[in-house]
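Okay, data-v7.cif now, which holds mmCIF, C-alpha atoms:
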data_query
loop_
_atom_site.label_atom_id
_atom_site.label_comp_id
_atom_site.auth_asym_id
_atom_site.auth_seq_id
_atom_site.Cartn_x
_atom_site.Cartn_y
_atom_site.Cartn_z
CA MET A 281 0.00 0.00 0.00
CA GLU A 282 1.56 3.24 -1.16
CA PHE A 283 1.04 6.76 0.14
CA GLN A 284 -0.73 7.71 -3.07
CA ASP A 285 -3.39 5.04 -2.48
CA CYS A 286 -4.13 6.29 1.04
CA PHE A 287 -4.22 10.01 0.41
CA PRO A 288 -7.74 10.70 -0.88
CA ILE A 289 -7.06 13.93 -2.77
CA TRP A 290 -3.94 12.73 -4.56
CA SER A 291 -5.66 12.76 -7.96
CA LYS A 292 -6.79 16.35 -7.41
CA LEU A 293 -3.32 17.77 -6.82
CA SER A 294 -1.19 19.33 -9.57
CA GLU A 295 2.11 17.75 -10.63
CA ALA A 296 4.02 20.45 -8.76
CA GLN A 297 2.00 19.88 -5.57
CA ARG A 298 2.48 16.12 -5.77
CA GLY A 299 6.21 16.64 -6.15
CA ARG A 300 6.36 18.91 -3.11
CA VAL A 301 4.48 16.39 -0.98
CA LEU A 302 6.51 13.35 -2.11
CA ASP A 303 9.85 15.15 -1.71
CA SER A 304 9.09 16.09 1.90
CA LEU A 305 7.23 12.95 2.99
CA VAL A 306 8.68 10.93 5.87
CA PHE A 307 7.66 7.42 6.88
CA ARG A 308 7.90 6.67 10.59
CA ARG A 309 7.45 3.54 12.67
CA LEU A 310 6.23 4.00 16.24
CA LYS A 311 6.32 1.48 19.03
CA LYS A 312 3.17 1.03 21.10
CA GLY A 313 3.15 3.75 23.76
CA ALA A 314 5.32 6.23 21.81
CA VAL A 315 4.14 9.83 21.82
CA VAL A 316 4.16 11.24 18.30
CA HIS A 317 2.78 14.70 19.09
CA ASN A 318 2.93 16.58 22.34
CA GLY A 319 0.50 19.49 22.57
CA GLY A 320 1.53 23.00 21.73
CA LEU A 321 5.24 22.14 21.88
CA ASP A 322 5.26 20.44 18.49
CA CYS A 323 4.26 21.13 14.97
CA THR A 324 4.67 17.58 13.82
CA GLY A 325 2.77 17.80 10.55
CA LEU A 326 -0.14 15.97 9.00
CA LEU A 327 -0.13 12.27 9.94
CA LEU A 328 -1.53 9.59 7.66
CA VAL A 329 -1.79 6.19 9.34
CA LYS A 330 -0.68 3.30 7.12
CA SER A 331 -1.35 0.70 9.77
CA GLY A 332 -1.73 0.72 13.52
CA GLN A 333 -3.71 2.78 15.99
CA LEU A 334 -3.30 6.25 17.50
CA ARG A 335 -5.05 7.91 20.41
CA ALA A 336 -5.54 11.68 20.75
CA TYR A 337 -6.15 12.90 24.29
CA ILE A 338 -6.01 15.95 26.50
CA LEU A 339 -4.32 16.21 29.89
CA SER A 340 -5.39 18.11 32.99
CA ASP A 341 -2.93 20.06 35.16
CA GLU A 342 -3.11 17.15 37.58
CA GLY A 343 -2.20 14.61 34.90
CA ARG A 344 -5.68 13.22 34.30
CA GLU A 345 -6.44 12.19 30.71
CA ILE A 346 -9.45 11.84 28.46
CA THR A 347 -9.42 10.33 24.97
CA ILE A 348 -10.78 12.73 22.36
CA TYR A 349 -10.60 10.46 19.33
CA ARG A 350 -8.73 7.48 17.92
CA LEU A 351 -7.23 6.93 14.50
CA PHE A 352 -7.00 3.71 12.52
CA ASP A 353 -5.64 2.58 9.12
CA ARG A 354 -5.87 5.35 6.48
CA ASP A 355 -7.06 7.93 9.02
CA ILE A 356 -5.56 11.38 8.99
CA CYS A 357 -4.53 13.40 12.01
CA LEU A 358 -4.91 17.10 11.39
CA PHE A 359 -4.29 18.54 14.83
CA SER A 360 -0.71 17.33 14.89
CA ALA A 361 -0.36 20.12 12.32
CA SER A 362 -2.53 22.60 14.20
CA CYS A 363 0.24 25.23 13.97
CA ILE A 364 -0.92 25.80 10.38
CA LEU A 365 -4.39 26.74 11.67
CA ARG A 366 -3.94 30.06 13.42
CA SER A 367 -7.27 29.70 15.19
CA ALA A 368 -6.57 26.26 16.65
CA GLN A 369 -5.70 27.08 20.26
CA PHE A 370 -5.62 23.83 22.20
CA ASP A 371 -3.15 21.15 23.18
CA ILE A 372 -3.67 17.57 22.13
CA THR A 373 -1.28 14.69 22.79
CA ILE A 374 -1.12 11.83 20.32
CA GLU A 375 0.32 8.45 21.16
CA ALA A 376 0.53 5.06 19.49
CA GLU A 377 -1.90 2.56 21.03
CA LYS A 378 -0.35 -0.18 18.90
CA ASP A 379 2.81 -0.42 16.83
CA THR A 380 2.06 2.03 14.05
CA GLY A 381 3.47 2.98 10.67
CA LEU A 382 2.59 6.42 9.38
CA TRP A 383 3.52 9.05 6.85
CA VAL A 384 4.25 12.58 8.00
CA ILE A 385 3.64 15.51 5.64
CA PRO A 386 5.54 18.47 7.12
CA ALA A 387 3.16 21.18 8.31
CA GLU A 388 4.55 23.94 6.09
CA VAL A 389 4.31 21.74 2.97
CA TYR A 390 0.68 20.85 3.68
CA GLN A 391 -0.06 24.49 4.40
CA SER A 392 1.38 25.63 1.07
CA VAL A 393 -0.70 23.03 -0.79
CA MET A 394 -3.84 23.90 1.16
CA GLU A 395 -3.45 27.61 0.47
CA GLU A 396 -3.47 27.17 -3.29
CA SER A 397 -5.70 24.11 -3.69
CA ALA A 398 -9.45 24.31 -3.06
CA PRO A 399 -9.73 20.48 -3.02
CA ALA A 400 -6.99 20.22 -0.36
CA ALA A 401 -8.61 22.95 1.75
CA ASN A 402 -12.06 21.37 1.42
CA TYR A 403 -10.62 17.98 2.31
CA THR A 404 -9.12 19.56 5.43
CA ASN A 405 -12.57 20.93 6.22
CA GLU A 406 -14.07 17.47 6.03
CA ILE A 407 -11.43 15.99 8.34
CA MET A 408 -11.97 18.77 10.87
CA ALA A 409 -15.75 18.43 10.70
CA ALA A 410 -15.39 14.68 11.37
CA ARG A 411 -13.21 15.34 14.42
CA PHE A 412 -15.59 18.07 15.55
CA SER A 413 -18.42 15.55 15.41
CA GLU A 414 -16.44 13.15 17.58
CA VAL A 415 -15.75 15.86 20.15
CA MET A 416 -19.43 16.88 20.19
CA TRP A 417 -20.40 13.24 20.70
CA LEU A 418 -17.94 13.05 23.57
CA MET A 419 -19.32 16.28 25.05
CA GLU A 420 -22.80 14.77 25.06
CA GLN A 421 -21.47 11.62 26.73
CA VAL A 422 -19.62 13.56 29.40
CA MET A 423 -22.51 15.93 30.06
CA TRP A 424 -25.55 13.68 29.97
CA LYS A 425 -24.43 10.08 30.39
CA SER A 426 -23.72 8.37 33.68
CA MET A 427 -20.39 6.60 34.11
CA ASP A 428 -21.89 3.07 34.02
CA LYS A 429 -23.21 3.71 30.49
CA ARG A 430 -19.88 5.18 29.42
CA VAL A 431 -17.88 2.23 30.74
CA ALA A 432 -20.26 -0.20 29.02
CA ALA A 433 -19.96 1.74 25.74
CA PHE A 434 -16.16 1.78 26.02
CA LEU A 435 -15.91 -1.99 26.64
CA LEU A 436 -18.12 -2.74 23.64
CA GLU A 437 -16.12 -0.36 21.43
CA GLU A 438 -12.85 -1.97 22.52
CA ALA A 439 -14.21 -5.46 21.84
CA SER A 440 -15.25 -4.31 18.38
CA ILE A 441 -11.84 -2.72 17.63
CA GLU A 442 -9.90 -5.71 18.94
CA GLY A 443 -12.21 -8.34 17.52
CA THR A 444 -12.28 -10.22 20.82
CA ALA A 445 -14.32 -10.32 24.02
CA ARG A 446 -11.16 -10.82 26.11
CA LEU A 447 -9.66 -7.33 26.53
CA SER A 448 -6.11 -6.89 27.79
CA ILE A 449 -6.55 -3.53 29.45
CA THR A 450 -6.00 -2.14 32.95
CA HIS A 451 -8.57 -0.23 34.98
CA GLU A 452 -6.14 2.71 34.90
CA ALA A 453 -6.13 2.73 31.08
CA ILE A 454 -9.94 2.66 30.95
CA ALA A 455 -10.03 5.57 33.40
CA ASN A 456 -7.61 7.53 31.19
CA HIS A 457 -9.80 6.99 28.16
CA LEU A 458 -12.91 8.18 29.98
CA GLY A 459 -11.39 11.02 31.99
CA THR A 460 -12.16 9.58 35.39
CA HIS A 461 -10.34 7.95 38.33
CA ARG A 462 -9.19 4.34 38.44
CA GLU A 463 -11.25 3.71 41.58
CA VAL A 464 -14.44 4.70 39.76
CA VAL A 465 -13.72 2.24 36.95
CA THR A 466 -12.83 -0.55 39.39
CA ARG A 467 -16.08 -0.04 41.31
CA MET A 468 -18.08 -0.08 38.07
CA LEU A 469 -16.37 -3.20 36.72
CA ARG A 470 -16.99 -5.04 39.99
CA TYR A 471 -20.65 -4.11 39.76
CA PHE A 472 -20.69 -5.39 36.14
CA GLN A 473 -19.06 -8.61 37.34
CA GLY A 474 -21.71 -9.01 40.02
CA GLU A 475 -24.36 -8.66 37.32
CA GLY A 476 -22.69 -11.34 35.19
CA MET A 477 -21.73 -8.93 32.40
CA VAL A 478 -17.94 -9.27 32.69
CA GLU A 479 -15.30 -11.47 34.30
CA LEU A 480 -12.26 -9.74 35.79
CA SER A 481 -8.73 -11.04 36.18
CA ARG A 482 -5.36 -9.31 36.42
CA GLY A 483 -4.98 -6.96 33.43
CA THR A 484 -7.97 -8.51 31.66
CA VAL A 485 -11.65 -7.75 31.28
CA LYS A 486 -13.65 -10.49 29.60
CA LEU A 487 -17.07 -9.57 28.24
CA LEU A 488 -19.57 -12.30 29.16
CA ASP A 489 -22.86 -10.70 28.16
CA GLU A 490 -22.55 -8.13 25.38
CA LYS A 491 -26.34 -7.89 24.99
CA LYS A 492 -26.76 -6.81 28.59
CA LEU A 493 -23.89 -4.33 28.25
CA ALA A 494 -25.47 -2.89 25.08
CA ALA A 495 -28.83 -2.61 26.82
CA LEU A 496 -27.18 -0.68 29.65
CA ARG A 497 -25.34 1.58 27.19
CA ASP A 498 -28.52 2.36 25.23
CA ALA A 499 -30.87 2.65 28.22
CA MET B 233 -21.93 48.81 7.80
CA GLU B 234 -22.37 46.77 4.65
CA PHE B 235 -22.07 43.02 4.15
CA GLN B 236 -18.91 43.51 2.10
CA ASP B 237 -17.19 45.21 5.05
CA CYS B 238 -17.99 42.34 7.41
CA PHE B 239 -17.16 39.40 5.18
CA PRO B 240 -13.39 38.98 5.49
CA ILE B 241 -12.73 37.20 2.21
CA TRP B 242 -14.81 39.51 0.02
CA SER B 243 -11.72 40.89 -1.74
CA LYS B 244 -10.54 37.37 -2.55
CA LEU B 245 -13.70 36.30 -4.39
CA SER B 246 -14.13 36.56 -8.15
CA GLU B 247 -16.73 38.86 -9.69
CA ALA B 248 -18.92 35.86 -10.48
CA GLN B 249 -18.67 34.54 -6.90
CA ARG B 250 -19.49 37.96 -5.45
CA GLY B 251 -22.52 38.18 -7.69
CA ARG B 252 -23.77 34.76 -6.59
CA VAL B 253 -23.39 35.67 -2.91
CA LEU B 254 -25.05 39.11 -3.21
CA ASP B 255 -27.94 37.78 -5.30
CA SER B 256 -28.81 35.14 -2.73
CA LEU B 257 -28.06 37.08 0.46
CA VAL B 258 -30.91 37.62 2.92
CA PHE B 259 -30.90 40.05 5.83
CA ARG B 260 -32.90 38.93 8.87
CA ARG B 261 -33.86 40.58 12.13
CA LEU B 262 -34.36 38.32 15.14
CA LYS B 263 -36.05 39.14 18.41
CA LYS B 264 -34.30 38.12 21.60
CA GLY B 265 -35.14 34.48 22.28
CA ALA B 266 -35.83 33.57 18.65
CA VAL B 267 -34.35 30.28 17.43
CA VAL B 268 -32.57 30.77 14.12
CA HIS B 269 -31.30 27.23 13.67
CA ASN B 270 -32.69 24.04 15.10
CA GLY B 271 -30.30 21.10 14.99
CA GLY B 272 -30.39 18.60 12.19
CA LEU B 273 -33.82 19.76 11.03
CA ASP B 274 -32.50 22.87 9.30
CA CYS B 275 -29.90 23.83 6.81
CA THR B 276 -30.17 27.52 7.47
CA GLY B 277 -27.00 28.67 5.79
CA LEU B 278 -23.95 30.62 6.85
CA LEU B 279 -24.85 33.37 9.33
CA LEU B 280 -22.90 36.61 9.57
CA VAL B 281 -23.87 38.71 12.59
CA LYS B 282 -24.20 42.42 11.84
CA SER B 283 -25.14 43.33 15.40
CA GLY B 284 -26.52 41.45 18.35
CA GLN B 285 -25.66 38.21 20.09
CA LEU B 286 -26.27 34.53 19.36
CA ARG B 287 -25.86 31.46 21.50
CA ALA B 288 -25.10 27.97 20.17
CA TYR B 289 -26.03 25.12 22.48
CA ILE B 290 -26.79 21.41 22.61
CA LEU B 291 -29.78 19.77 24.22
CA SER B 292 -30.03 16.49 26.09
CA ASP B 293 -32.93 14.08 25.64
CA GLU B 294 -34.28 15.40 28.93
CA GLY B 295 -34.16 19.00 27.73
CA ARG B 296 -31.00 20.06 29.57
CA GLU B 297 -28.82 22.59 27.76
CA ILE B 298 -25.18 23.60 27.62
CA THR B 299 -23.80 26.60 25.75
CA ILE B 300 -21.10 25.61 23.26
CA TYR B 301 -20.14 29.06 22.02
CA ARG B 302 -21.51 32.56 21.56
CA LEU B 303 -21.36 34.89 18.58
CA PHE B 304 -21.05 38.65 18.54
CA ASP B 305 -20.83 41.44 15.94
CA ARG B 306 -19.08 40.29 12.74
CA ASP B 307 -18.85 36.69 13.93
CA ILE B 308 -19.74 33.90 11.55
CA CYS B 309 -21.77 30.83 12.34
CA LEU B 310 -20.69 27.87 10.27
CA PHE B 311 -22.63 25.03 11.84
CA SER B 312 -25.97 26.51 10.85
CA ALA B 313 -24.74 25.38 7.41
CA SER B 314 -23.38 22.05 8.60
CA CYS B 315 -25.39 20.26 5.90
CA ILE B 316 -22.67 21.33 3.47
CA LEU B 317 -20.07 19.45 5.54
CA ARG B 318 -20.83 15.79 5.02
CA SER B 319 -18.76 14.83 8.05
CA ALA B 320 -20.48 17.19 10.49
CA GLN B 321 -22.79 14.86 12.40
CA PHE B 322 -24.16 16.73 15.37
CA ASP B 323 -27.12 18.89 16.29
CA ILE B 324 -26.64 22.44 17.49
CA THR B 325 -29.40 24.91 18.29
CA ILE B 326 -28.79 28.62 17.76
CA GLU B 327 -30.87 31.31 19.36
CA ALA B 328 -30.71 35.08 19.65
CA GLU B 329 -29.60 36.19 23.14
CA LYS B 330 -30.32 39.78 22.16
CA ASP B 331 -32.18 41.41 19.28
CA THR B 332 -29.93 40.53 16.36
CA GLY B 333 -29.51 41.53 12.73
CA LEU B 334 -27.71 39.06 10.51
CA TRP B 335 -27.05 38.12 6.94
CA VAL B 336 -27.77 34.60 5.73
CA ILE B 337 -25.80 33.12 2.84
CA PRO B 338 -27.76 30.09 1.65
CA ALA B 339 -25.86 26.85 2.31
CA GLU B 340 -25.73 25.72 -1.32
CA VAL B 341 -24.38 29.09 -2.47
CA TYR B 342 -21.63 29.06 0.13
CA GLN B 343 -20.84 25.48 -0.75
CA SER B 344 -20.45 26.27 -4.44
CA VAL B 345 -18.09 29.16 -3.62
CA MET B 346 -16.10 27.06 -1.15
CA GLU B 347 -15.67 24.23 -3.65
CA GLU B 348 -13.99 26.43 -6.23
CA SER B 349 -12.22 28.98 -4.04
CA ALA B 350 -9.19 28.02 -1.93
CA PRO B 351 -9.41 31.31 0.06
CA ALA B 352 -13.08 30.59 0.93
CA ALA B 353 -12.28 26.99 1.92
CA ASN B 354 -9.29 28.08 4.03
CA TYR B 355 -11.40 30.77 5.67
CA THR B 356 -13.94 28.08 6.54
CA ASN B 357 -11.09 26.08 8.05
CA GLU B 358 -10.12 28.98 10.27
CA ILE B 359 -13.69 29.47 11.51
CA MET B 360 -14.02 25.78 12.28
CA ALA B 361 -10.65 25.68 14.06
CA ALA B 362 -11.75 28.64 16.20
CA ARG B 363 -14.99 26.87 17.17
CA PHE B 364 -13.06 23.67 17.77
CA SER B 365 -10.83 25.55 20.19
CA GLU B 366 -13.89 26.83 22.05
CA VAL B 367 -15.31 23.34 22.35
CA MET B 368 -11.96 21.98 23.58
CA TRP B 369 -11.81 24.77 26.16
CA LEU B 370 -15.31 23.84 27.26
CA MET B 371 -14.36 20.16 27.44
CA GLU B 372 -11.50 21.03 29.77
CA GLN B 373 -13.84 23.10 31.93
CA VAL B 374 -16.45 20.37 32.12
CA MET B 375 -13.90 17.63 32.79
CA TRP B 376 -11.48 19.23 35.21
CA LYS B 377 -13.12 22.30 36.77
CA SER B 378 -15.46 22.28 39.72
CA MET B 379 -18.82 24.02 39.38
CA ASP B 380 -17.90 26.92 41.71
CA LYS B 381 -15.05 27.92 39.38
CA ARG B 382 -17.28 27.59 36.33
CA VAL B 383 -20.03 29.76 37.84
CA ALA B 384 -17.45 32.39 38.83
CA ALA B 385 -15.96 32.35 35.31
CA PHE B 386 -19.43 32.66 33.77
CA LEU B 387 -20.42 35.64 35.95
CA LEU B 388 -17.18 37.47 35.09
CA GLU B 389 -17.64 36.73 31.37
CA GLU B 390 -21.21 38.02 31.47
CA ALA B 391 -20.15 41.20 33.27
CA SER B 392 -17.50 41.75 30.61
CA ILE B 393 -19.95 41.16 27.73
CA GLU B 394 -22.65 43.37 29.26
CA GLY B 395 -20.30 46.04 30.54
CA THR B 396 -21.98 46.07 33.95
CA ALA B 397 -21.66 44.33 37.31
CA ARG B 398 -25.46 44.14 37.66
CA LEU B 399 -26.54 41.12 35.59
CA SER B 400 -30.18 40.60 34.69
CA ILE B 401 -30.14 36.83 34.50
CA THR B 402 -32.04 34.00 36.17
CA HIS B 403 -30.46 31.03 37.94
CA GLU B 404 -32.20 28.84 35.34
CA ALA B 405 -30.45 30.69 32.49
CA ILE B 406 -27.05 30.30 34.16
CA ALA B 407 -27.73 26.59 34.62
CA ASN B 408 -28.61 26.27 30.92
CA HIS B 409 -25.35 27.92 29.92
CA LEU B 410 -23.30 25.61 32.12
CA GLY B 411 -25.19 22.38 31.55
CA THR B 412 -26.28 21.90 35.14
CA HIS B 413 -29.42 22.12 37.26
CA ARG B 414 -30.94 25.33 38.59
CA GLU B 415 -30.67 24.09 42.17
CA VAL B 416 -26.90 23.70 41.79
CA VAL B 417 -26.55 27.28 40.57
CA THR B 418 -28.79 28.63 43.33
CA ARG B 419 -26.77 26.84 45.99
CA MET B 420 -23.53 28.18 44.51
CA LEU B 421 -24.80 31.76 44.25
CA ARG B 422 -25.98 31.69 47.86
CA TYR B 423 -22.55 30.52 48.90
CA PHE B 424 -21.00 33.38 46.86
CA GLN B 425 -23.41 35.80 48.57
CA GLY B 426 -22.36 34.52 51.98
CA GLU B 427 -18.75 35.16 51.01
CA GLY B 428 -19.56 38.74 49.95
CA MET B 429 -18.83 38.12 46.28
CA VAL B 430 -22.34 38.76 44.91
CA GLU B 431 -25.67 40.22 45.98
CA LEU B 432 -28.81 38.39 44.85
CA SER B 433 -32.25 39.79 44.16
CA ARG B 434 -35.12 38.62 41.96
CA GLY B 435 -33.79 38.09 38.41
CA THR B 436 -30.54 39.88 39.23
CA VAL B 437 -27.03 38.94 40.25
CA LYS B 438 -24.85 41.88 41.25
CA LEU B 439 -21.10 41.29 41.35
CA LEU B 440 -19.67 42.88 44.50
CA ASP B 441 -16.10 41.55 44.49
CA GLU B 442 -14.77 40.71 41.03
CA LYS B 443 -11.24 40.21 42.36
CA LYS B 444 -12.38 37.48 44.72
CA LEU B 445 -14.43 35.86 41.94
CA ALA B 446 -11.42 35.96 39.60
CA ALA B 447 -9.21 34.44 42.31
CA LEU B 448 -11.73 31.60 42.71
CA ARG B 449 -11.92 31.08 38.94
CA ASP B 450 -8.13 30.95 38.58
CA ALA B 451 -7.42 28.94 41.73
#

Could you render the structure from this file as structure tokens?
Amino acid sequence: MEFQDCFPIWSKLSEAQRGRVLDSLVFRRLKKGAVVHNGGLDCTGLLLVKSGQLRAYILSDEGREITIYRLFDRDICLFSASCILRSAQFDITIEAEKDTGLWVIPAEVYQSVMEESAPAANYTNEIMAARFSEVMWLMEQVMWKSMDKRVAAFLLEEASIEGTARLSITHEAIANHLGTHREVVTRMLRYFQGEGMVELSRGTVKLLDEKKLAALRDA
Amino acid sequence: MEFQDCFPIWSKLSEAQRGRVLDSLVFRRLKKGAVVHNGGLDCTGLLLVKSGQLRAYILSDEGREITIYRLFDRDICLFSASCILRSAQFDITIEAEKDTGLWVIPAEVYQSVMEESAPAANYTNEIMAARFSEVMWLMEQVMWKSMDKRVAAFLLEEASIEGTARLSITHEAIANHLGTHREVVTRMLRYFQGEGMVELSRGTVKLLDEKKLAALRDA
């Protein structure tokens, strides 16, 4: 799979623009856990995931985390290049959730293409609108949903991403996705276990009754 | 003040694009409290505020509200035209907080301009990035800040917008801005009153000690 096949507006760029992108393109391999973009400190560039999984999250002053969105194969991360958007005033951290291979288009190269190409600028709009939708969804969850529903939704999402009902994940990691404390997650999971929805063991959550979890999530 | 003076990319549009925009432009006057855009039901178009004040908010199934952002003179509302962004999947309601005059550019006209004009598409990017920043700020508030700090921040913001320390606002309205219940706001305001920071009377909150409120907000 080549860069050209993964970059949706490739056919709409001019020869000169394609040359500029290809000449500056860098392919990087990240180990699980590596931080590829660290808030306002970096202007990493546009990231295009070839394979793997990234997580974008924000951090509180006290070190608490909440996952804002996740990126999978062929997804594009725009906010790692937020320096090219003057109005983007927020700090996001992006880390590899799995071993990941990705292309980096340097921020200034993408900016120069976007400034002269309506298709590139409109494509950027679509990416941002998609991320905006994810953040608005998250806002609704955080504002109106109780933590039991959010934990149930997260477990089902993880099972779907991983393709297995046996999740290798700590209570701490779940808390960092959801922006809460480990103790809250532990209490919730024990309640789920009591209800026969999950089975807990060290570093593992096994989903026993996905229907019941889905019913809780959608209640 | 004419439309041309308020629309920042006017000088970057072609004659044909300008003609299309002017021919389709509608000026509307809204009374305070009027809803100009109602979630996914509408595709109102791009709104450019000439004078007045708008509030964008989301609603829970139970009818609770939280203000996402506010718009003032010369501000542009993009998500009232979210139908032109395929990836924008969320429902925002927009209402006039004061009597407001605004121009509406029909969604399909703006879309046609944006598709052919890189400056228009990049301008749209900047607006969206600015709104994104506001939502991320709000997310941080909701996730990491206690309600006393958020009420203090809201009162100071209102005083700054209104240019007065005597705010004509109900506890219910404050709760709807912050996404909480009226009782929570009432309890908080009474606590502030006990601390000498505000004075409460029917439909009015008077700020007595803005320094102390700011210290609470920033603590």

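Candidate residues B:Ile300, B:Met360, B:Leu439, B:Val417 were compared for distance to B:Ser392, and the nearest is B:Leu439, using only C-alpha atoms.
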
Report, as lines of an AutoDock Vina configuration file, the axis-aligned box around all atoms of stretch 311-320 of chain A present in the file, extended by 5 Å on each side; give centre and edge lengths in Å to one decimal place.
center_x = 3.4
center_y = 12.0
center_z = 21.0
size_x = 15.8
size_y = 32.0
size_z = 15.5

Coordinates-based distance that separates atom CA of B:Leu370 from atom CA of A:Ala433 (Å, one decimal):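 Separation of atom CA of A:Ala433 and atom CA of B:Leu370: 22.6 Å.
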
Residue neighbourhood A:Tyr471, 12 Å, only C-alpha atoms, exclusion window fewer than 5 positions, as a CSV table (one decimal) with C-alpha atoms, keeping the file's coordinate frame:
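Saved file out_29.csv follows:
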chain,number,residue,atom,x,y,z
A,428,ASP,CA,-21.9,3.1,34.0
A,431,VAL,CA,-17.9,2.2,30.7
A,432,ALA,CA,-20.3,-0.2,29.0
A,464,VAL,CA,-14.4,4.7,39.8
A,465,VAL,CA,-13.7,2.2,37.0
A,466,THR,CA,-12.8,-0.6,39.4
A,476,GLY,CA,-22.7,-11.3,35.2
A,477,MET,CA,-21.7,-8.9,32.4
A,478,VAL,CA,-17.9,-9.3,32.7
A,479,GLU,CA,-15.3,-11.5,34.3
A,480,LEU,CA,-12.3,-9.7,35.8
A,493,LEU,CA,-23.9,-4.3,28.2

If the PyMOL selection byres ((chain A) within 8 of (chain B)) were run on this exact file, what residues would it hold? Put them as a VMD selection string. chain A and resid 340 365 to 370 394 to 399 401 to 402 404 to 410 412 to 413 415 to 417 419 to 420 422 to 424 459

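This file, queried with the PyMOL selection byres ((chain A and resi 316) around 6), gives the residues Val315, His317, Ile374 and Glu375 of chain A.
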
For this structure, which residues satisfy the selection - the PyMOL selection byres ((chain B and resi 438) around 10) - when it is evaluated on the file as given? I want them as a list in words.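 Applying the expression gives Leu387, Ala391, Thr396, Ala397, Arg398, Leu399, Ser400, Ile401, Gln425, Met429, Val430, Glu431, Leu432, Ser433, Thr436, Val437, Leu439, Leu440 and Asp441 of chain B.
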
Could you work out how far atom CA of B:Tyr301 lies from atom CA of B:Leu257, giving the answer in Å with one decimal? 24.3 Å

Quote the spacing between atom CA of A:Leu358 and atom CA of A:Thr380 in Å to one decimal place. 16.8 Å

Just checking: using only C-alpha atoms, which residue out of A:Arg354, A:Lys429, A:Lys292, A:Arg309 ends up closest to A:Ala494?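 Looking only at the distances to A:Ala494, the closest residue turns out to be A:Lys429.
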
With only C-alpha atoms as the basis for distance, which of A:Ala314, A:Ile289, A:Val306, A:Leu382 is at the shortest distance from A:Leu328?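 Among the listed residues, A:Leu382 lies closest to A:Leu328.
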
Residue nearest B:Leu262 among B:Glu247, B:Asp305, B:Val281, B:Gly333 (counting all atoms listed in the file):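 Looking only at the distances to B:Leu262, the closest residue turns out to be B:Gly333.
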
Point (-3.5, 12.8, 11.6) neighbourhood (9 Å, only C-alpha atoms) written as a PyMOL selection string: chain A and resi 325-329+334+351+355-361+384

For stretch 433-453 of chain A of the block above, can you save C-alpha atoms as a tab-separated table (two decimals), in the first residue's frame?
chain	number	residue	atom	x	y	z
A	433	ALA	CA	-19.96	1.74	25.74
A	434	PHE	CA	-16.16	1.78	26.02
A	435	LEU	CA	-15.91	-1.99	26.64
A	436	LEU	CA	-18.12	-2.74	23.64
A	437	GLU	CA	-16.12	-0.36	21.43
A	438	GLU	CA	-12.85	-1.97	22.52
A	439	ALA	CA	-14.21	-5.46	21.84
A	440	SER	CA	-15.25	-4.31	18.38
A	441	ILE	CA	-11.84	-2.72	17.63
A	442	GLU	CA	-9.90	-5.71	18.94
A	443	GLY	CA	-12.21	-8.34	17.52
A	444	THR	CA	-12.28	-10.22	20.82
A	445	ALA	CA	-14.32	-10.32	24.02
A	446	ARG	CA	-11.16	-10.82	26.11
A	447	LEU	CA	-9.66	-7.33	26.53
A	448	SER	CA	-6.11	-6.89	27.79
A	449	ILE	CA	-6.55	-3.53	29.45
A	450	THR	CA	-6.00	-2.14	32.95
A	451	HIS	CA	-8.57	-0.23	34.98
A	452	GLU	CA	-6.14	2.71	34.90
A	453	ALA	CA	-6.13	2.73	31.08
